[in-house]
Amino acid sequence: MNLTQEQLAEKQLSDGRSIAKGRVGWASSYLRVAGALIGPRRSYFALGPNAEKLLSLNRPLKESDLLVFKEYQDHQERKIINRGKNNDVEVDQSNDDTPQDLIDRGIKRIREQLIDELLEQIKNISPSAFENLILQVLAKMGYGGGDEKRIKGVPRGPDGGIDGTIDEDKLGLDQIYIQAKRYSENTVGRPKIQGFLGAMTGGGCKKGVFVTSSTFTSDAKKFAENLSDVRLVLIDGVDLAKLMIEYCVGVQVKETIKVVKIDQDFFSGEE
């Protein structure tokens, strides 16, 4: 199929498996049902009796192309009977997403909505609560060796642009500085980044994390990317929300859906 390495590397949102391999699996399953493929033995495929008609189309196939075969029609009818339905089988002529694609699309929509809701919540908390939120996320990410005592906030007041510190070692010899800016609308520009950099330099720190609930200007991003002697990571509101979801901070798992598949080794007949 001449897929690029980038395409082959794409993963499903639901389970992290290869999208390409998943689609090959579903396609081969559909084609076997339609009599276009047969499986002489495990992990092998051969052309079935209906393969020639599909090949003669000389174009990418749609699921609707399989409806002309009695084998596929019988399979769909059996599915209706097994589900206790009396309505006709409906095939989306314009959309050939696999069931896995539909799952991933649903997960993506839920995730996007959750990110929007998290951003609304974040923008309405107090600055001190926002700073504490950042410390919790970084702790869950494993910074400070996972020891929350090594991630601490700086007392509010004239802190010189520092809202928190992370001790990377138990003696606190190597530190990461944290700056948190909770804004509802304002973007964070280069002057704020430069101010934080000055605080880092004054404290002899070469690593920093600047987090905002809003966004960074392109000039601020470019400035941070071009720093050579220090490492400064910028995290905007959307990235923060994604980290909260990934590390389960401020969110709860509502339900877990288990998706199972056939164990081919079990049915292979091999010892």
# chains A, B, ... in the order shown; residues from 1 in each chain; ligands from 1

$ residues_around --residues "Pro99 in chain A" --least-positions-apart "6" --cutoff "12 Å" --atoms "only C-alpha atoms" --output "PyMOL selection string"
chain A and resi 12+14+19+22-23+25-27+29-30+105-106+259

$ residues_around --residues "Thr217 in chain A" --least-positions-apart "2" --cutoff "10 Å" --atoms "only C-alpha atoms" --output "list in words"
Thr187, Val188, Gly189, Arg190, Thr215, Asp219, Ala220, Lys221, Lys222 and Phe223 of chain A

$ residues_around --residues "Arg231 in chain A" --least-positions-apart "5" --cutoff "12 Å" --atoms "only C-alpha atoms" --output "PyMOL selection string"
chain A and resi 175-177+197+200-201+205-210+223-226

$ select_by_dssp --residues "range 118-225 of chain A" --states "strand (DSSP E or B)" --output "ChimeraX atom specification"
/A:151-153,164-167,175-181,188,207-212,216
